[in-house]
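Pasting model-v9.cif here (mmCIF, C-alpha atoms):
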data_work
#
loop_
_atom_site.label_atom_id
_atom_site.label_comp_id
_atom_site.auth_asym_id
_atom_site.auth_seq_id
_atom_site.Cartn_x
_atom_site.Cartn_y
_atom_site.Cartn_z
CA LEU F 8 21.39 13.98 0.07
CA ALA F 9 23.00 10.64 0.70
CA LYS F 10 23.19 8.25 -2.23
CA THR F 11 22.89 4.51 -2.00
CA THR F 12 24.48 1.54 -3.73
CA GLN F 13 22.74 -1.81 -3.93
CA PRO F 14 23.03 -4.88 -6.17
CA ILE F 15 21.30 -4.59 -9.51
CA SER F 16 19.67 -8.00 -9.24
CA MET F 17 19.36 -11.09 -7.07
CA ASP F 18 17.87 -14.52 -7.59
CA SER F 19 16.37 -16.78 -4.95
CA TYR F 20 14.10 -19.76 -4.54
CA GLU F 21 10.86 -19.99 -2.69
CA GLY F 22 11.24 -20.55 1.02
CA GLN F 23 14.72 -19.09 1.24
CA GLU F 24 15.77 -16.06 3.22
CA VAL F 25 16.92 -13.14 1.08
CA ASN F 26 19.25 -10.45 2.30
CA ILE F 27 19.76 -7.30 0.25
CA THR F 28 22.57 -5.04 1.37
CA CYS F 29 22.70 -1.33 0.69
CA SER F 30 25.71 0.97 1.09
CA HIS F 31 25.22 4.58 2.12
CA ASN F 32 28.62 5.92 3.15
CA ASN F 33 27.53 9.55 3.31
CA ILE F 34 24.46 9.11 5.48
CA ALA F 35 23.74 12.17 7.61
CA THR F 36 23.06 12.16 11.32
CA ASN F 37 19.34 12.82 10.95
CA ASP F 38 18.79 10.51 7.99
CA TYR F 39 16.60 7.46 8.24
CA ILE F 40 16.98 4.33 6.11
CA THR F 41 13.85 3.31 4.26
CA TRP F 42 13.09 0.41 1.96
CA TYR F 43 10.36 0.33 -0.66
CA GLN F 44 9.08 -2.52 -2.82
CA GLN F 45 7.70 -1.98 -6.30
CA PHE F 46 5.77 -4.32 -8.56
CA PRO F 47 5.33 -3.62 -12.29
CA SER F 48 2.73 -0.95 -13.03
CA GLN F 49 2.34 -0.09 -9.36
CA GLY F 50 3.72 2.63 -7.15
CA PRO F 51 6.44 1.90 -4.59
CA ARG F 52 5.15 0.38 -1.39
CA PHE F 53 6.78 1.15 1.97
CA ILE F 54 8.31 -1.93 3.58
CA ILE F 55 10.37 -0.86 6.56
CA GLN F 56 12.29 2.04 8.03
CA GLY F 57 14.97 2.30 10.65
CA TYR F 58 17.58 4.56 12.17
CA LYS F 59 19.94 2.17 13.94
CA THR F 60 20.33 -1.43 15.15
CA LYS F 61 17.47 -3.69 14.14
CA VAL F 62 13.88 -3.15 13.14
CA THR F 63 11.40 -5.92 12.46
CA ASN F 64 7.84 -5.88 11.20
CA GLU F 65 5.47 -8.45 9.79
CA VAL F 66 7.16 -8.58 6.39
CA ALA F 67 10.86 -7.86 6.85
CA SER F 68 13.76 -7.06 9.14
CA LEU F 69 16.23 -4.26 8.74
CA PHE F 70 19.73 -4.54 10.16
CA ILE F 71 21.81 -1.40 10.59
CA PRO F 72 25.36 -1.55 11.97
CA ALA F 73 26.64 1.01 14.43
CA ASP F 74 28.37 3.16 11.81
CA ARG F 75 25.13 3.27 9.74
CA LYS F 76 27.12 3.23 6.49
CA SER F 77 25.20 0.21 5.27
CA SER F 78 21.99 -1.65 5.94
CA THR F 79 20.55 -5.05 5.12
CA LEU F 80 16.97 -5.82 4.28
CA SER F 81 16.07 -9.37 5.23
CA LEU F 82 13.05 -11.10 3.73
CA PRO F 83 12.30 -14.40 5.49
CA ARG F 84 11.06 -17.34 3.45
CA VAL F 85 10.36 -15.55 0.19
CA SER F 86 7.55 -16.58 -2.11
CA LEU F 87 6.96 -15.99 -5.81
CA SER F 88 4.95 -12.89 -4.92
CA ASP F 89 8.08 -11.27 -3.49
CA THR F 90 9.48 -10.92 -7.01
CA ALA F 91 9.81 -7.16 -7.31
CA VAL F 92 12.24 -4.26 -7.31
CA TYR F 93 13.49 -3.20 -3.89
CA TYR F 94 14.74 0.32 -3.28
CA CYS F 95 16.95 1.47 -0.44
CA LEU F 96 16.71 5.17 0.39
CA VAL F 97 18.32 7.39 3.00
CA GLY F 98 17.08 10.75 4.09
CA ARG F 99 14.15 12.26 5.86
CA ASN F 100 10.67 11.19 4.79
CA THR F 101 9.54 14.79 4.66
CA ASP F 102 12.13 15.58 2.04
CA LYS F 103 12.06 14.51 -1.58
CA LEU F 104 13.01 10.86 -1.89
CA ILE F 105 16.07 9.99 -3.97
CA PHE F 106 15.64 6.60 -5.61
CA GLY F 107 18.42 4.65 -7.27
CA THR F 108 17.77 1.88 -9.76
CA GLY F 109 16.98 -0.61 -7.01
CA THR F 110 17.55 -4.36 -6.74
CA ARG F 111 15.49 -6.65 -8.94
CA LEU F 112 14.67 -9.74 -6.91
CA GLN F 113 13.55 -12.78 -8.88
CA VAL F 114 12.11 -15.66 -6.87
CA PHE F 115 11.96 -19.05 -8.57
CA PRO F 116 9.74 -21.99 -7.64
CA ASP J 27 -9.57 2.08 0.46
CA THR J 28 -8.05 5.27 1.85
CA GLY J 29 -4.75 5.17 -0.01
CA VAL J 30 -3.40 7.63 -2.55
CA SER J 31 -5.57 7.70 -5.65
CA GLN J 32 -4.46 8.79 -9.11
CA ASP J 33 -6.55 9.39 -12.20
CA PRO J 34 -6.40 8.39 -14.96
CA ARG J 35 -4.29 5.23 -14.70
CA HIS J 36 -3.36 5.40 -18.35
CA LYS J 37 -3.26 8.26 -20.81
CA ILE J 38 -2.39 8.04 -24.49
CA THR J 39 -2.10 11.26 -26.41
CA LYS J 40 -0.51 12.75 -29.48
CA ARG J 41 2.60 14.83 -29.33
CA GLY J 42 1.79 18.49 -28.79
CA GLN J 43 -1.40 17.91 -26.82
CA ASN J 44 -1.93 19.01 -23.23
CA VAL J 45 -2.63 16.47 -20.49
CA THR J 46 -3.70 16.79 -16.87
CA PHE J 47 -3.40 14.22 -14.11
CA ARG J 48 -5.09 14.23 -10.74
CA CYS J 49 -3.89 12.95 -7.37
CA ASP J 50 -6.00 12.52 -4.26
CA PRO J 51 -3.74 12.02 -1.24
CA ILE J 52 -4.53 10.25 1.99
CA SER J 53 -6.98 12.63 3.61
CA GLU J 54 -5.02 13.70 6.68
CA HIS J 55 -1.70 14.10 4.85
CA ASN J 56 -0.61 17.69 4.33
CA ARG J 57 2.37 16.96 2.09
CA LEU J 58 1.96 15.85 -1.49
CA TYR J 59 4.75 14.85 -3.87
CA TRP J 60 4.99 14.23 -7.60
CA TYR J 61 7.57 11.89 -9.10
CA ARG J 62 8.25 10.62 -12.60
CA GLN J 63 9.49 7.15 -13.44
CA THR J 64 10.81 5.88 -16.75
CA LEU J 65 11.34 2.25 -17.65
CA GLY J 66 14.09 0.57 -15.67
CA GLN J 67 14.73 3.58 -13.48
CA GLY J 68 13.67 4.56 -10.00
CA PRO J 69 11.21 7.41 -9.49
CA GLU J 70 12.59 10.93 -9.86
CA PHE J 71 11.33 13.82 -7.78
CA LEU J 72 9.42 16.56 -9.59
CA THR J 73 7.79 18.79 -6.98
CA TYR J 74 6.06 18.83 -3.64
CA PHE J 75 3.45 20.78 -1.72
CA GLN J 76 2.77 21.41 1.91
CA ASN J 77 -0.92 22.17 2.09
CA GLU J 78 -1.49 24.48 -0.91
CA ALA J 79 2.05 25.89 -1.03
CA GLN J 80 4.45 24.48 -3.62
CA LEU J 81 7.71 24.32 -1.70
CA GLU J 82 10.18 22.82 -4.15
CA LYS J 83 10.45 22.13 -7.85
CA SER J 84 13.01 19.95 -9.56
CA ARG J 85 14.97 21.13 -12.58
CA LEU J 86 13.20 18.26 -14.35
CA LEU J 87 10.04 20.34 -14.15
CA SER J 88 10.32 22.42 -17.30
CA ASP J 89 8.09 25.40 -17.97
CA ARG J 90 5.72 23.06 -19.81
CA PHE J 91 4.87 21.42 -16.49
CA SER J 92 2.67 22.98 -13.85
CA ALA J 93 1.33 21.55 -10.63
CA GLU J 94 -1.34 22.89 -8.34
CA ARG J 95 -2.94 22.01 -5.06
CA PRO J 96 -5.53 24.74 -4.75
CA LYS J 97 -7.24 23.80 -1.51
CA GLY J 98 -4.51 21.75 0.06
CA SER J 99 -6.30 18.53 -0.78
CA PHE J 100 -6.08 17.01 -4.28
CA SER J 101 -3.41 18.07 -6.75
CA THR J 102 -3.18 18.30 -10.51
CA LEU J 103 -0.15 18.00 -12.74
CA GLU J 104 -0.47 19.49 -16.21
CA ILE J 105 1.90 18.99 -19.10
CA GLN J 106 1.53 21.36 -22.01
CA ARG J 107 2.69 20.67 -25.56
CA THR J 108 3.67 17.10 -24.74
CA GLU J 109 6.85 15.65 -26.21
CA GLN J 110 7.97 12.06 -26.77
CA GLY J 111 10.30 12.34 -23.81
CA ASP J 112 7.37 12.97 -21.49
CA SER J 113 6.32 9.33 -21.81
CA ALA J 114 6.66 7.93 -18.30
CA MET J 115 4.80 6.87 -15.20
CA TYR J 116 3.80 9.85 -13.09
CA LEU J 117 3.56 8.97 -9.42
CA CYS J 118 2.01 10.87 -6.57
CA ALA J 119 2.83 10.35 -2.90
CA SER J 120 1.63 11.90 0.32
CA SER J 121 2.78 12.11 3.90
CA PHE J 122 2.54 14.06 7.11
CA GLY J 123 4.99 16.94 7.44
CA PRO J 124 7.13 18.72 8.24
CA ASP J 125 7.87 17.30 11.65
CA SER J 126 6.62 13.77 11.29
CA ASN J 127 8.90 11.04 10.02
CA GLN J 128 6.07 8.93 8.67
CA PRO J 129 6.90 7.38 5.28
CA GLN J 130 5.56 8.65 2.00
CA HIS J 131 2.69 6.61 0.60
CA PHE J 132 2.48 6.27 -3.17
CA GLY J 133 -0.38 5.89 -5.56
CA ASP J 134 -0.18 3.50 -8.50
CA GLY J 135 0.58 6.25 -10.95
CA THR J 136 -0.62 7.53 -14.29
CA ARG J 137 1.16 5.98 -17.25
CA LEU J 138 1.52 8.52 -20.04
CA SER J 139 2.24 7.42 -23.59
CA ILE J 140 2.98 10.01 -26.27
CA LEU J 141 2.31 8.91 -29.83
#

Before we go any further, please render this structure as structure tokens.
Amino acid sequence: LAKTTQPISMDSYEGQEVNITCSHNNIATNDYITWYQQFPSQGPRFIIQGYKTKVTNEVASLFIPADRKSSTLSLPRVSLSDTAVYYCLVGRNTDKLIFGTGTRLQVFP
Amino acid sequence: DTGVSQDPRHKITKRGQNVTFRCDPISEHNRLYWYRQTLGQGPEFLTYFQNEAQLEKSRLLSDRFSAERPKGSFSTLEIQRTEQGDSAMYLCASSFGPDSNQPQHFGDGTRLSIL
């Protein structure tokens, strides 16, 4: 299963756009890229998933270059409530998920 | 709310005792997963079921751990003779499978503390 590399932590201020990049050099042809958000004492919450190019939903955008060896989660205009750990995963949703240590995003007022 | 439900949310027990956790998945989901998460780490896969069949078990799942999903609906995870190292958050997730690529949906976990 493909492993991912993402920054350990990031800081931002309210109202800014935050981009978290994830590397997944060994992604397989049938793997999807999925991002989860986790708050303390809660389970991970699905944010967005994509296979190639760009995906956008009501909370985030996901940019995937043609070679699919990396991806970028974009959070527009973050607020304090976006302070959380963000996990990038690659694989198939029907398989076991392989989490890394994630990126701790801290949003300051 | 029709999300994944886990019970209890917190469990404190003495070393050597047995504990059992319950997970109720989203009703139409036929796949159910158990993960374990320790402080500062991402969740680690333990086992998963499709309907009532347990299809895969991690090496993390020692012989003190047993999981069941008797009727293909709720699942239980039992830990016998608990040890200090079992202290963790135990997370349950569910999804459609095997052909759907819908994401796994997680419950909020059971936090186990071993005294």

Contacts from chain F to chain J, 9 Å maximum, all atoms listed in the file: show me the residue list as a PyMOL selection string. chain F and resi 39+41+48-53+56+94+99-109

Please, could you write that set of residues out with C-alpha atoms as a CSV table (one decimal), in the frame of the given file?
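Result file again_3.csv:
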chain,number,residue,atom,x,y,z
F,39,TYR,CA,16.6,7.5,8.2
F,41,THR,CA,13.8,3.3,4.3
F,48,SER,CA,2.7,-1.0,-13.0
F,49,GLN,CA,2.3,-0.1,-9.4
F,50,GLY,CA,3.7,2.6,-7.2
F,51,PRO,CA,6.4,1.9,-4.6
F,52,ARG,CA,5.2,0.4,-1.4
F,53,PHE,CA,6.8,1.2,2.0
F,56,GLN,CA,12.3,2.0,8.0
F,94,TYR,CA,14.7,0.3,-3.3
F,99,ARG,CA,14.2,12.3,5.9
F,100,ASN,CA,10.7,11.2,4.8
F,101,THR,CA,9.5,14.8,4.7
F,102,ASP,CA,12.1,15.6,2.0
F,103,LYS,CA,12.1,14.5,-1.6
F,104,LEU,CA,13.0,10.9,-1.9
F,105,ILE,CA,16.1,10.0,-4.0
F,106,PHE,CA,15.6,6.6,-5.6
F,107,GLY,CA,18.4,4.6,-7.3
F,108,THR,CA,17.8,1.9,-9.8
F,109,GLY,CA,17.0,-0.6,-7.0

Mind listing as an mmCIF file with C-alpha atoms, in the frame of the given file all residues within 9 Å of (8.0, -19.7, -8.9), counting all atoms listed in the file?
data_model
loop_
_atom_site.group_PDB
_atom_site.id
_atom_site.type_symbol
_atom_site.label_atom_id
_atom_site.label_comp_id
_atom_site.auth_asym_id
_atom_site.auth_seq_id
_atom_site.Cartn_x
_atom_site.Cartn_y
_atom_site.Cartn_z
ATOM 1 C CA TYR F 20 14.100 -19.760 -4.540
ATOM 2 C CA GLU F 21 10.860 -19.990 -2.690
ATOM 3 C CA SER F 86 7.550 -16.580 -2.110
ATOM 4 C CA LEU F 87 6.960 -15.990 -5.810
ATOM 5 C CA SER F 88 4.950 -12.890 -4.920
ATOM 6 C CA GLN F 113 13.550 -12.780 -8.880
ATOM 7 C CA VAL F 114 12.110 -15.660 -6.870
ATOM 8 C CA PHE F 115 11.960 -19.050 -8.570
ATOM 9 C CA PRO F 116 9.740 -21.990 -7.640
#

Selection result of the PyMOL selection byres ((chain F and resi 90) around 10) on this file, as a list of chain:residue names: F:Met17, F:Asp18, F:Ser19, F:Gln44, F:Gln45, F:Phe46, F:Pro47, F:Val85, F:Ser86, F:Leu87, F:Ser88, F:Asp89, F:Ala91, F:Val92, F:Tyr93, F:Arg111, F:Leu112, F:Gln113, F:Val114, F:Phe115

Could you expand the PyMOL selection byres ((chain J and resi 50) around 8) into the explicit residues it covers here, written as a PyMOL selection string? chain J and resi 30-32+48-49+51-53+99-101

Atomic separation - CA of Gly98 in chain J relative to CA of Phe47 in chain J, Å: 16.1 Å

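The smallest atom-to-atom distance between Lys76 in chain F and any of F:Ile34, F:Ile40, F:Ile55, F:Cys95, using all atoms listed in the file, is found for F:Ile34.
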
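Reported to one decimal place, the separation of CA of Pro72 in chain F from CA of Ala35 in chain F is 14.5 Å.
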
Provide the CA of Gly98 in chain F to CA of Ile71 in chain F distance in Å, to one decimal place. 14.6 Å

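With distances restricted to all atoms listed in the file, J:Leu138 is the closest residue to Ala114 in chain J from J:Leu86, J:Ala79, J:Leu138, J:Ile38.
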
With a distance cut-off of 6 Å and all atoms listed in the file, select the neighbouring residues of Asn44 in chain J, excluding the residue or stretch itself and same-chain residues fewer than 2 positions from it, and output the selection as JSON, numbers by chain. {"J": [105, 106, 107]}
